[in-house]
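Chemist: Sharing my_file.cif here; it has mmCIF, C-alpha atoms.
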```
data_model
#
loop_
_atom_site.label_atom_id
_atom_site.label_comp_id
_atom_site.auth_asym_id
_atom_site.auth_seq_id
_atom_site.Cartn_x
_atom_site.Cartn_y
_atom_site.Cartn_z
CA MET A 638 0.00 0.00 0.00
CA GLU A 639 1.43 3.37 -1.06
CA TYR A 640 0.46 6.19 1.29
CA LYS A 641 1.66 8.83 -1.18
CA PHE A 642 -1.23 8.10 -3.54
CA MET A 643 -3.87 8.39 -0.79
CA HIS A 644 -5.71 11.59 0.13
CA PRO A 645 -4.57 13.04 3.49
CA ALA A 646 -7.98 12.35 5.04
CA GLU A 647 -7.80 8.70 3.97
CA GLN A 648 -4.26 8.35 5.34
CA ILE A 649 -5.32 9.78 8.69
CA VAL A 650 -8.36 7.49 8.99
CA LEU A 651 -6.35 4.41 8.05
CA THR A 652 -3.65 5.23 10.61
CA ILE A 653 -5.82 6.35 13.54
CA ASN A 654 -8.04 3.28 13.15
CA ARG A 655 -4.91 1.15 13.18
CA ILE A 656 -3.62 2.85 16.34
CA TYR A 657 -6.99 2.42 18.03
CA ARG A 658 -7.37 -1.25 17.07
CA LYS A 659 -3.88 -1.98 18.37
CA GLN A 660 -5.03 -0.45 21.70
CA MET A 661 -2.45 2.31 21.46
CA THR A 662 -5.00 5.04 22.20
CA THR A 663 -8.54 5.44 23.51
CA THR A 664 -11.81 6.43 21.84
CA SER A 665 -11.29 10.10 22.63
CA GLY A 666 -7.49 10.19 22.93
CA GLY A 667 -4.86 11.13 20.42
CA ASN A 668 -4.77 13.16 17.22
CA LEU A 669 -3.03 12.95 13.85
CA SER A 670 -2.33 15.55 11.21
CA ILE A 671 -0.79 16.05 7.77
CA ILE A 672 0.31 19.32 6.21
CA ASP A 673 -0.05 19.26 2.43
CA SER A 674 1.87 21.12 -0.29
CA ASP A 675 -0.63 24.00 -0.14
CA GLY A 676 -0.08 24.52 3.59
CA ASN A 677 -3.44 23.00 4.58
CA ILE A 678 -3.43 21.04 7.84
CA TRP A 679 -5.63 17.94 7.76
CA ILE A 680 -6.35 16.85 11.33
CA THR A 681 -8.59 14.53 13.34
CA PRO A 682 -11.73 16.12 14.83
CA SER A 683 -12.27 16.85 18.50
CA GLY A 684 -14.25 14.40 20.62
CA ILE A 685 -15.23 11.99 17.83
CA ASP A 686 -14.87 8.19 18.21
CA LYS A 687 -11.37 7.26 16.99
CA GLY A 688 -12.52 3.72 16.22
CA ALA A 689 -15.16 4.79 13.71
CA LEU A 690 -13.76 7.79 11.82
CA THR A 691 -14.36 8.21 8.09
CA PRO A 692 -12.52 10.53 5.65
CA SER A 693 -15.48 12.95 5.73
CA ASP A 694 -14.90 13.43 9.48
CA ILE A 695 -11.37 14.82 9.03
CA CYS A 696 -10.99 18.60 9.32
CA CYS A 697 -9.03 20.81 6.95
CA VAL A 698 -7.48 23.96 8.43
CA LYS A 699 -6.47 26.48 5.78
CA PRO A 700 -3.32 28.63 6.13
CA ASP A 701 -5.55 31.61 7.03
CA GLY A 702 -7.18 29.62 9.87
CA THR A 703 -10.44 28.79 8.06
CA VAL A 704 -11.77 25.38 9.12
CA ILE A 705 -13.52 23.17 6.57
CA GLY A 706 -15.44 20.18 7.88
CA LYS A 707 -18.47 19.15 9.88
CA TYR A 708 -16.60 19.00 13.22
CA LYS A 709 -14.20 21.14 15.20
CA PRO A 710 -10.52 20.23 14.79
CA SER A 711 -8.65 18.58 17.65
CA VAL A 712 -8.05 20.79 20.68
CA GLU A 713 -4.35 19.98 20.20
CA LEU A 714 -4.29 21.87 16.88
CA PRO A 715 -2.07 24.62 18.43
CA PHE A 716 0.86 22.28 19.02
CA HIS A 717 0.49 20.70 15.57
CA LYS A 718 0.75 24.19 14.04
CA LEU A 719 3.81 25.00 16.15
CA VAL A 720 5.54 21.74 15.19
CA TYR A 721 5.09 22.51 11.49
CA LYS A 722 6.28 26.07 12.01
CA THR A 723 9.32 24.90 13.97
CA ARG A 724 10.15 22.00 11.67
CA PRO A 725 9.42 22.80 8.00
CA ASP A 726 10.75 19.33 7.10
CA ALA A 727 7.93 17.69 9.08
CA LYS A 728 4.91 16.76 6.97
CA ALA A 729 2.94 14.72 9.51
CA VAL A 730 2.40 14.53 13.28
CA VAL A 731 1.18 11.62 15.42
CA HIS A 732 0.06 12.08 19.02
CA ALA A 733 -1.39 9.20 21.05
CA HIS A 734 -1.71 7.80 24.55
CA SER A 735 -0.19 4.35 24.16
CA PRO A 736 -0.10 2.41 27.48
CA SER A 737 3.64 1.79 27.89
CA LEU A 738 4.66 5.29 26.84
CA VAL A 739 2.03 6.85 29.09
CA SER A 740 3.52 4.78 31.91
CA TYR A 741 6.89 6.37 31.23
CA SER A 742 5.30 9.80 30.95
CA LEU A 743 3.88 9.33 34.46
CA ILE A 744 7.33 8.77 35.94
CA ARG A 745 8.67 11.50 33.63
CA LYS A 746 11.35 9.35 32.08
CA ILE A 747 12.25 7.98 28.65
CA PRO A 748 12.45 4.21 28.04
CA ASP A 749 15.90 2.77 27.45
CA THR A 750 16.14 2.92 23.66
CA ARG A 751 19.37 0.87 23.67
CA ILE A 752 17.87 -2.49 24.64
CA ILE A 753 17.26 -3.30 20.96
CA PRO A 754 19.02 -1.73 17.97
CA THR A 755 15.96 -0.70 15.96
CA THR A 756 14.66 1.99 18.33
CA GLU A 757 17.52 4.43 17.96
CA LEU A 758 17.91 3.59 14.28
CA VAL A 759 14.23 4.41 13.63
CA CYS A 760 13.51 7.08 16.26
CA GLY A 761 16.87 8.67 16.92
CA LYS A 762 17.28 10.27 20.33
CA VAL A 763 14.05 10.92 22.25
CA GLY A 764 13.15 14.21 23.94
CA ILE A 765 10.83 14.93 26.86
CA ALA A 766 8.50 17.92 27.14
CA ALA A 767 7.45 19.49 30.45
CA TYR A 768 3.81 19.10 31.49
CA GLU A 769 1.37 21.78 30.37
CA VAL A 770 -2.42 21.87 30.04
CA PRO A 771 -3.69 20.00 26.93
CA GLY A 772 -4.59 22.31 24.08
CA SER A 773 -2.67 25.25 25.55
CA ILE A 774 -0.14 27.43 23.78
CA LYS A 775 2.34 26.61 26.56
CA LEU A 776 2.06 22.91 25.74
CA GLY A 777 2.66 23.68 22.07
CA GLU A 778 5.71 25.74 22.94
CA ALA A 779 7.12 23.01 25.21
CA ILE A 780 6.75 20.41 22.47
CA ALA A 781 7.98 22.69 19.69
CA GLU A 782 11.10 23.47 21.72
CA GLN A 783 11.99 19.77 21.76
CA PHE A 784 11.43 19.43 18.02
CA LYS A 785 13.53 22.54 17.51
CA ASN A 786 16.37 20.74 19.25
CA GLY A 787 16.25 18.08 16.54
CA TYR A 788 14.13 15.37 18.19
CA ASP A 789 11.53 13.60 16.03
CA VAL A 790 10.00 11.83 19.03
CA VAL A 791 8.98 13.55 22.26
CA VAL A 792 7.52 12.04 25.43
CA MET A 793 5.06 14.47 27.07
CA GLU A 794 5.09 14.45 30.87
CA ASN A 795 1.86 12.96 32.32
CA HIS A 796 0.34 12.83 28.85
CA GLY A 797 1.66 10.62 26.04
CA VAL A 798 3.96 10.92 23.05
CA VAL A 799 4.18 12.98 19.87
CA THR A 800 6.22 12.21 16.74
CA CYS A 801 6.83 13.90 13.43
CA GLY A 802 7.96 12.51 10.09
CA LYS A 803 8.50 13.08 6.40
CA ASP A 804 5.04 11.54 5.91
CA LEU A 805 2.36 9.98 8.10
CA PHE A 806 3.71 6.45 7.91
CA ASP A 807 7.16 7.68 8.93
CA ALA A 808 5.67 9.43 11.99
CA PHE A 809 3.58 6.34 12.79
CA GLU A 810 6.57 4.00 12.51
CA LYS A 811 8.51 6.09 15.03
CA PHE A 812 5.54 6.10 17.42
CA GLU A 813 4.98 2.34 17.10
CA THR A 814 8.69 1.57 17.46
CA LEU A 815 9.07 3.57 20.67
CA GLU A 816 5.90 2.07 22.16
CA ARG A 817 7.23 -1.45 21.46
CA CYS A 818 10.54 -0.47 23.07
CA ALA A 819 8.76 0.90 26.15
CA LYS A 820 6.67 -2.26 26.48
CA LEU A 821 9.79 -4.39 26.10
CA ASP A 822 11.66 -2.29 28.67
CA ILE A 823 8.84 -2.70 31.22
CA THR A 824 8.58 -6.45 30.56
CA SER A 825 12.34 -6.86 30.95
CA LYS A 826 12.18 -5.14 34.34
CA LEU A 827 9.81 -7.88 35.51
CA LEU A 828 12.58 -10.42 34.87
CA GLY A 829 15.65 -8.62 36.16
CA LYS A 830 18.51 -6.46 34.97
CA ALA A 831 18.47 -5.38 31.32
CA TYR A 832 21.72 -5.36 29.34
CA PRO A 833 21.57 -2.43 26.90
CA LEU A 834 23.62 -2.32 23.72
CA THR A 835 26.63 -0.13 23.15
CA GLU A 836 26.64 2.47 20.37
CA GLU A 837 28.95 0.20 18.37
CA GLN A 838 26.54 -2.72 18.75
CA ILE A 839 23.59 -0.60 17.65
CA GLN A 840 25.47 0.54 14.56
CA LEU A 841 26.33 -3.10 13.81
CA ALA A 842 22.69 -3.55 12.80
CA ASN A 843 23.42 -1.32 9.80
CA GLU A 844 25.79 -3.99 8.49
CA LYS A 845 22.92 -6.41 7.96
CA GLY A 846 21.87 -6.85 4.36
CA LYS A 847 24.78 -5.05 2.71
CA THR A 848 25.41 -8.00 0.39
CA GLN A 849 24.06 -7.04 -3.04
CA LEU A 850 22.12 -9.65 -4.99
CA GLY A 851 21.85 -9.70 -8.75
CA GLU A 852 18.41 -9.33 -10.35
CA PHE A 853 16.37 -11.66 -12.49
CA ILE A 854 12.98 -11.41 -14.17
CA PRO A 855 10.78 -14.44 -13.41
CA ALA A 856 9.71 -16.24 -16.57
CA GLU A 857 6.49 -17.36 -14.92
CA ILE A 858 4.68 -17.57 -11.59
CA SER A 859 3.56 -21.11 -10.84
CA SER A 860 0.39 -22.03 -9.00
CA LYS A 861 2.56 -23.24 -6.11
CA GLU A 862 4.27 -19.85 -5.87
CA LYS A 863 0.95 -18.00 -5.97
CA ASP A 864 -0.35 -20.20 -3.16
CA ILE A 865 2.79 -19.59 -1.06
CA ARG A 866 2.55 -15.82 -1.56
CA ASN A 867 -1.11 -15.68 -0.53
CA LYS A 868 -0.73 -17.90 2.52
CA MET A 869 2.41 -16.06 3.62
CA CYS A 870 0.62 -12.70 3.52
CA THR A 871 -2.21 -14.11 5.62
CA LEU A 872 0.23 -15.21 8.33
CA ILE A 873 2.25 -12.00 8.12
CA HIS A 874 -0.92 -9.99 8.78
CA ARG A 875 -1.73 -12.29 11.68
CA ALA A 876 1.76 -11.90 13.11
CA TYR A 877 1.36 -8.13 12.99
CA ASP A 878 -2.07 -8.19 14.62
CA GLN A 879 -0.72 -10.44 17.39
CA ASP A 880 2.16 -8.02 18.05
CA LEU A 881 4.80 -10.52 16.96
CA PHE A 882 5.84 -8.09 14.20
CA SER A 883 5.99 -4.33 13.94
CA SER A 884 5.12 -2.39 10.78
CA THR A 885 8.56 -2.87 9.22
CA MET A 886 10.27 -5.45 11.45
CA GLY A 887 9.80 -9.19 11.07
CA THR A 888 10.54 -11.63 8.25
CA PHE A 889 8.86 -14.69 6.79
CA SER A 890 10.28 -16.93 4.11
CA GLU A 891 9.23 -20.21 2.55
CA ARG A 892 11.13 -22.50 0.22
CA LEU A 893 9.65 -22.70 -3.26
CA ASN A 894 11.93 -25.51 -4.40
CA GLY A 895 15.60 -26.34 -4.09
CA ASP A 896 17.54 -23.08 -3.94
CA SER A 897 14.50 -20.87 -4.53
CA PHE A 898 12.39 -19.21 -1.82
CA ILE A 899 9.88 -16.40 -1.23
CA ILE A 900 10.73 -13.76 1.41
CA THR A 901 9.24 -10.56 2.84
CA PRO A 902 10.55 -7.27 1.40
CA TYR A 903 12.65 -4.70 3.22
CA GLY A 904 10.95 -1.56 4.56
CA LYS A 905 7.39 -2.44 3.47
CA ASP A 906 4.49 -2.16 5.91
CA ARG A 907 3.75 -5.67 7.24
CA LYS A 908 0.16 -4.73 8.06
CA HIS A 909 -0.72 -4.19 4.40
CA LEU A 910 1.66 -6.50 2.51
CA GLU A 911 0.20 -7.98 -0.67
CA PRO A 912 1.35 -11.15 -2.51
CA GLU A 913 3.00 -9.07 -5.23
CA ASP A 914 5.13 -7.26 -2.59
CA LEU A 915 6.94 -10.47 -1.59
CA VAL A 916 10.32 -11.19 -3.16
CA ARG A 917 11.39 -14.36 -4.92
CA VAL A 918 15.05 -15.36 -4.55
CA ASP A 919 16.50 -17.90 -7.01
CA HIS A 920 20.05 -19.23 -6.65
CA GLY A 921 21.12 -16.05 -4.87
CA TRP A 922 19.42 -13.69 -7.32
CA ARG A 923 16.51 -11.44 -6.32
CA GLU A 924 13.33 -10.70 -8.21
CA ALA A 925 13.88 -7.61 -10.34
CA GLY A 926 12.83 -4.25 -8.88
CA LYS A 927 12.39 -5.55 -5.34
CA ARG A 928 14.52 -5.43 -2.20
CA PRO A 929 14.34 -8.52 0.04
CA SER A 930 14.60 -8.55 3.83
CA ARG A 931 18.07 -7.70 5.09
CA SER A 932 18.28 -11.19 6.61
CA VAL A 933 18.00 -12.82 3.16
CA SER A 934 21.57 -14.20 3.29
CA LEU A 935 20.87 -15.96 6.59
CA HIS A 936 17.69 -17.50 5.18
CA LYS A 937 19.59 -18.68 2.09
CA MET A 938 22.28 -20.28 4.25
CA ILE A 939 19.75 -22.10 6.44
CA TYR A 940 17.93 -23.49 3.39
CA GLU A 941 21.21 -24.66 1.83
CA THR A 942 22.34 -26.32 5.08
CA HIS A 943 19.04 -27.88 6.13
CA PRO A 944 17.06 -29.69 3.39
CA ASP A 945 14.31 -30.47 5.93
CA VAL A 946 13.70 -26.77 6.69
CA ASN A 947 11.15 -25.25 4.34
CA ALA A 948 10.13 -22.15 6.25
CA ILE A 949 11.76 -19.53 8.50
CA VAL A 950 10.30 -16.79 10.69
CA VAL A 951 12.33 -14.00 12.28
CA ALA A 952 10.43 -11.82 14.76
CA GLN A 953 10.71 -9.61 17.85
CA PRO A 954 8.01 -10.80 20.29
CA THR A 955 8.04 -8.85 23.54
CA ASN A 956 8.10 -11.58 26.18
CA ILE A 957 10.70 -13.95 24.77
CA LEU A 958 12.92 -11.05 23.70
CA ALA A 959 12.85 -9.81 27.31
CA PHE A 960 14.60 -13.05 28.31
CA GLY A 961 17.34 -12.24 25.81
CA ILE A 962 17.68 -8.65 27.01
CA THR A 963 18.02 -9.69 30.66
CA ARG A 964 20.05 -12.84 29.93
CA THR A 965 17.45 -14.78 31.92
CA GLU A 966 17.40 -18.52 31.31
CA ILE A 967 14.23 -19.99 29.85
CA ASP A 968 13.27 -23.66 30.04
CA SER A 969 10.57 -25.02 27.73
CA ARG A 970 9.64 -27.75 30.18
CA THR A 971 6.54 -25.93 31.38
CA ILE A 972 3.61 -27.60 29.63
CA PRO A 973 3.93 -30.52 27.18
CA GLU A 974 3.14 -28.38 24.11
CA SER A 975 5.93 -25.95 24.91
CA TYR A 976 8.50 -28.71 25.22
CA ILE A 977 7.28 -30.56 22.12
CA LYS A 978 7.39 -27.44 19.93
CA ILE A 979 10.47 -25.69 21.30
CA ARG A 980 12.57 -28.50 22.75
CA ASP A 981 15.92 -26.99 23.79
CA LEU A 982 15.97 -23.26 23.08
CA VAL A 983 19.30 -22.04 21.70
CA ARG A 984 20.54 -18.65 22.89
CA LEU A 985 23.21 -16.75 20.95
CA PRO A 986 24.90 -13.41 21.68
CA TYR A 987 23.75 -10.21 20.01
CA GLY A 988 25.22 -9.77 16.54
CA THR A 989 25.77 -13.48 15.84
CA ASN A 990 23.24 -13.39 13.00
CA ILE A 991 25.26 -10.57 11.40
CA LYS A 992 28.87 -11.53 12.14
CA ASP A 993 28.59 -15.33 12.21
CA PRO A 994 25.46 -16.53 10.33
CA GLU A 995 27.08 -19.97 9.94
CA LEU A 996 26.86 -20.44 13.72
CA VAL A 997 23.16 -19.57 13.64
CA SER A 998 22.55 -22.06 10.85
CA ASP A 999 24.64 -24.75 12.54
CA SER A 1000 22.69 -24.27 15.79
CA ILE A 1001 19.43 -25.29 14.13
CA ASN A 1002 18.20 -28.90 14.08
CA LYS A 1003 15.12 -30.90 15.04
CA SER A 1004 15.94 -30.51 18.73
CA HIS A 1005 16.64 -26.79 18.32
CA PRO A 1006 13.96 -25.31 16.03
CA VAL A 1007 14.04 -21.93 17.81
CA VAL A 1008 17.05 -19.64 18.28
CA LEU A 1009 17.03 -16.55 20.50
CA ILE A 1010 19.46 -13.80 19.49
CA GLU A 1011 19.98 -11.63 22.57
CA ASN A 1012 18.64 -8.05 22.24
CA ASP A 1013 17.62 -8.75 18.66
CA SER A 1014 15.16 -11.40 17.55
CA VAL A 1015 13.81 -14.93 17.59
CA ILE A 1016 14.38 -17.29 14.66
CA ALA A 1017 11.96 -20.21 14.25
CA VAL A 1018 12.13 -22.85 11.54
CA GLY A 1019 9.85 -25.64 10.38
CA GLY A 1020 9.00 -28.11 7.67
CA THR A 1021 6.11 -25.82 6.71
CA LEU A 1022 5.34 -22.16 7.23
CA ILE A 1023 2.55 -22.88 9.71
CA GLU A 1024 4.94 -25.13 11.65
CA ALA A 1025 7.54 -22.36 11.92
CA PHE A 1026 4.86 -19.82 12.83
CA ASP A 1027 3.46 -22.17 15.47
CA ALA A 1028 6.92 -22.51 17.03
CA LEU A 1029 7.15 -18.71 17.18
CA GLU A 1030 3.74 -18.43 18.82
CA VAL A 1031 4.52 -21.17 21.32
CA VAL A 1032 7.88 -19.70 22.40
CA GLU A 1033 6.24 -16.30 22.96
CA PHE A 1034 3.34 -17.95 24.82
CA THR A 1035 5.80 -19.88 26.98
CA ALA A 1036 7.80 -16.78 27.84
CA ASN A 1037 4.60 -14.88 28.66
CA THR A 1038 3.33 -17.59 31.02
CA ILE A 1039 6.68 -17.94 32.79
CA ILE A 1040 6.85 -14.20 33.44
CA HIS A 1041 3.31 -14.11 34.82
CA SER A 1042 3.75 -17.31 36.83
CA GLY A 1043 6.79 -15.78 38.48
CA LEU A 1044 4.62 -12.93 39.73
CA ILE A 1045 2.26 -15.26 41.58
CA GLY A 1046 4.48 -18.11 42.75
CA GLN A 1047 7.32 -20.54 42.05
CA VAL A 1048 7.33 -22.18 38.62
CA VAL A 1049 7.33 -26.00 38.82
CA LYS A 1050 8.87 -27.61 35.73
CA ILE A 1051 8.05 -30.95 34.18
CA THR A 1052 10.45 -33.55 35.62
CA ASP A 1053 13.15 -35.39 33.66
CA GLU A 1054 11.09 -38.59 33.91
CA GLU A 1055 8.03 -36.82 32.51
CA VAL A 1056 10.14 -35.37 29.69
CA GLU A 1057 11.42 -38.85 28.87
CA THR A 1058 7.83 -40.10 28.61
CA ILE A 1059 6.96 -37.24 26.24
CA ASN A 1060 10.01 -38.06 24.11
CA LYS A 1061 8.87 -41.67 23.75
CA GLU A 1062 5.17 -40.93 23.17
CA PHE A 1063 5.87 -38.28 20.49
CA ASN A 1064 8.96 -39.93 18.94
CA LEU A 1065 11.14 -36.93 19.79
CA GLU A 1066 14.33 -38.87 20.46
#
```
As structure tokens - that is how I would like this structure written.
Modeler:
Amino acid sequence: MEYKFMHPAEQIVLTINRIYRKQMTTTSGGNLSIIDSDGNIWITPSGIDKGALTPSDICCVKPDGTVIGKYKPSVELPFHKLVYKTRPDAKAVVHAHSPSLVSYSLIRKIPDTRIIPTTELVCGKVGIAAYEVPGSIKLGEAIAEQFKNGYDVVVMENHGVVTCGKDLFDAFEKFETLERCAKLDITSKLLGKAYPLTEEQIQLANEKGKTQLGEFIPAEISSKEKDIRNKMCTLIHRAYDQDLFSSTMGTFSERLNGDSFIITPYGKDRKHLEPEDLVRVDHGWREAGKRPSRSVSLHKMIYETHPDVNAIVVAQPTNILAFGITRTEIDSRTIPESYIKIRDLVRLPYGTNIKDPELVSDSINKSHPVVLIENDSVIAVGGTLIEAFDALEVVEFTANTIIHSGLIGQVVKITDEEVETINKEFNLE
């Protein structure tokens, strides 16, 4: 889906509905705006249900202050105006009351953006604006001052967060990325001490995907390939809705045959991926005109090394990633399903998937279908795409239940004897 071809009102409705459905704001909370090439500010209305907005509900504020629309513009219009005045490069603003970021706003702190590499790479440094009354000029000035200092993301004390971007999706991606980071930071604190990354480690993430692949033009698209593309998109959308992916982070791939596979593209919105957006890779060559996920080389290596692996998922689920951030051990011997699907979870240091992909590939086998890269991601493999996706879901479910069990009592694991019985009954040995 290309935002640039959509009317500003349509972009705003699509994005605010998405924010609301992901429970990152309330019915009455939050506001979005776009400034167009004529200087018109398109903005959400005041006091209207954010879960049911239509393009006709969006207000247009002309440069002379004239308001066009059936409702009053958001009461936060003053700070939107000041942001655009302060930052002429900004073309869109997102403000919302997402739970984890509001939690940080209440303690008047910024989440640790160094616990995963993507936050600083997407958001940059994060500012914090002093509390002022909503809708006031003083609030606008406090926010604008932070944007003037070069921040694109600002936490508002006792309020929420505001971001700006080159377009609405850019502003939304920064908002979503920081909210995921805040949620991950809070979850990690439930387990113990977090181990943030150094600046050098964060910059290491930029090394991923630098290998250039040649291009080819597919002669045909088989029925099998069409089926893979459609089913993959269905699961990618599900992964996004279940918060296993973010809008631009998370990769699926499935083997087409031999040394050919289909993989998610780089930088495309996972929520709205279509079958034609996916990228076919044949013998190390990429489908012409498309850019595959930056982890394409790792996927290729795994497929070459493991003939029994036909699907790979790389994701950043909150609960299991918290174990990697805090270096907390996780044992799958909780319920039978967890042990059967995960077996022995492999943990590798941050950066292994970039500096030593062979080690990642060599760590995978039937007893180790899931690999946790500390402070980075989870890699799950399977004989089919649904099998790999199921392993991802189960490892996140397992991590979630262990964290919550630890809050109410002592976790009791399945015994070695019980594990041995499971191994025999399910032919796992």
Chemist: Give as a list of chain:residue names the residues that the PyMOL selection byres ((chain A and resi 779) around 9) matches when applied to the coordinates above.
Modeler: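 When the PyMOL selection byres ((chain A and resi 779) around 9) is applied to the shown file, the picked residues are A:Phe716, A:Ala766, A:Ala767, A:Tyr768, A:Glu769, A:Ile774, A:Lys775, A:Leu776, A:Gly777, A:Glu778, A:Ile780, A:Ala781, A:Glu782, A:Gln783, A:Met793.
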Chemist: Please work out which residues fall within 12 Å of (-0.5, -18.6, -3.9), coordinates as given in the file, with all atoms listed in the file counting, and return them as a list of chain:residue names.
Modeler: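 Residues with an atom at most 12 Å from (-0.5, -18.6, -3.9): A:Ile858, A:Ser859, A:Ser860, A:Lys861, A:Glu862, A:Lys863, A:Asp864, A:Ile865, A:Arg866, A:Asn867, A:Lys868, A:Met869, A:Cys870, A:Thr871, A:Glu891, A:Leu893, A:Ile899, A:Glu911, A:Pro912, A:Glu913, A:Leu915.
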Chemist: Could you check the closest approach to A:Thr814 for each of A:Glu639, A:Glu757, A:Asp914, A:Asp999 and tell me which residue wins, using all atoms listed in the file?
Modeler: A:Glu757
Chemist: Suppose you want the space between atom CA of A:Ser735 and atom CA of A:Val770; what is it in Å?
Modeler: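 Atom CA of A:Val770 lies at a distance of 18.6 Å from atom CA of A:Ser735.
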Chemist: What's the separation between atom CA of A:Thr800 and atom CA of A:Val730, in Å to one decimal place?
Modeler: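 One can read the atom CA of A:Thr800 to atom CA of A:Val730 distance as 5.7 Å.
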Chemist: Let me know the residues the PyMOL selection byres ((chain A and resi 1034) around 12) catches in the file above, as a list in words.
Modeler: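 Applying the expression gives Gln879, Leu881, Pro954, Thr955, Asn956, Ile957, Leu958, Ser969, Thr971, Ile972, Glu974, Ser975, Tyr976, Lys978, Ile979, Asp1027, Ala1028, Leu1029, Glu1030, Val1031, Val1032, Glu1033, Thr1035, Ala1036, Asn1037, Thr1038, Ile1039, Ile1040 and His1041 of chain A.
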Chemist: Would you mind exporting C-alpha atoms of the selected residues as a CSV table (one decimal), in the coordinates of the input?
Modeler:
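Contents of out.csv, freshly written:
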```
chain,number,residue,atom,x,y,z
A,879,GLN,CA,-0.7,-10.4,17.4
A,881,LEU,CA,4.8,-10.5,17.0
A,954,PRO,CA,8.0,-10.8,20.3
A,955,THR,CA,8.0,-8.8,23.5
A,956,ASN,CA,8.1,-11.6,26.2
A,957,ILE,CA,10.7,-14.0,24.8
A,958,LEU,CA,12.9,-11.0,23.7
A,969,SER,CA,10.6,-25.0,27.7
A,971,THR,CA,6.5,-25.9,31.4
A,972,ILE,CA,3.6,-27.6,29.6
A,974,GLU,CA,3.1,-28.4,24.1
A,975,SER,CA,5.9,-26.0,24.9
A,976,TYR,CA,8.5,-28.7,25.2
A,978,LYS,CA,7.4,-27.4,19.9
A,979,ILE,CA,10.5,-25.7,21.3
A,1027,ASP,CA,3.5,-22.2,15.5
A,1028,ALA,CA,6.9,-22.5,17.0
A,1029,LEU,CA,7.2,-18.7,17.2
A,1030,GLU,CA,3.7,-18.4,18.8
A,1031,VAL,CA,4.5,-21.2,21.3
A,1032,VAL,CA,7.9,-19.7,22.4
A,1033,GLU,CA,6.2,-16.3,23.0
A,1035,THR,CA,5.8,-19.9,27.0
A,1036,ALA,CA,7.8,-16.8,27.8
A,1037,ASN,CA,4.6,-14.9,28.7
A,1038,THR,CA,3.3,-17.6,31.0
A,1039,ILE,CA,6.7,-17.9,32.8
A,1040,ILE,CA,6.8,-14.2,33.4
A,1041,HIS,CA,3.3,-14.1,34.8
```
Chemist: Stretch 813-830 of chain A, all listed atoms, 6 Å padding on each side: what axis-aligned box centre and edge lengths in Å to one decimal come out, as JSON?
Modeler:
```
{"center_x": 11.7, "center_y": -3.4, "center_z": 26.6, "size_x": 25.5, "size_y": 26.0, "size_z": 31.1}
```
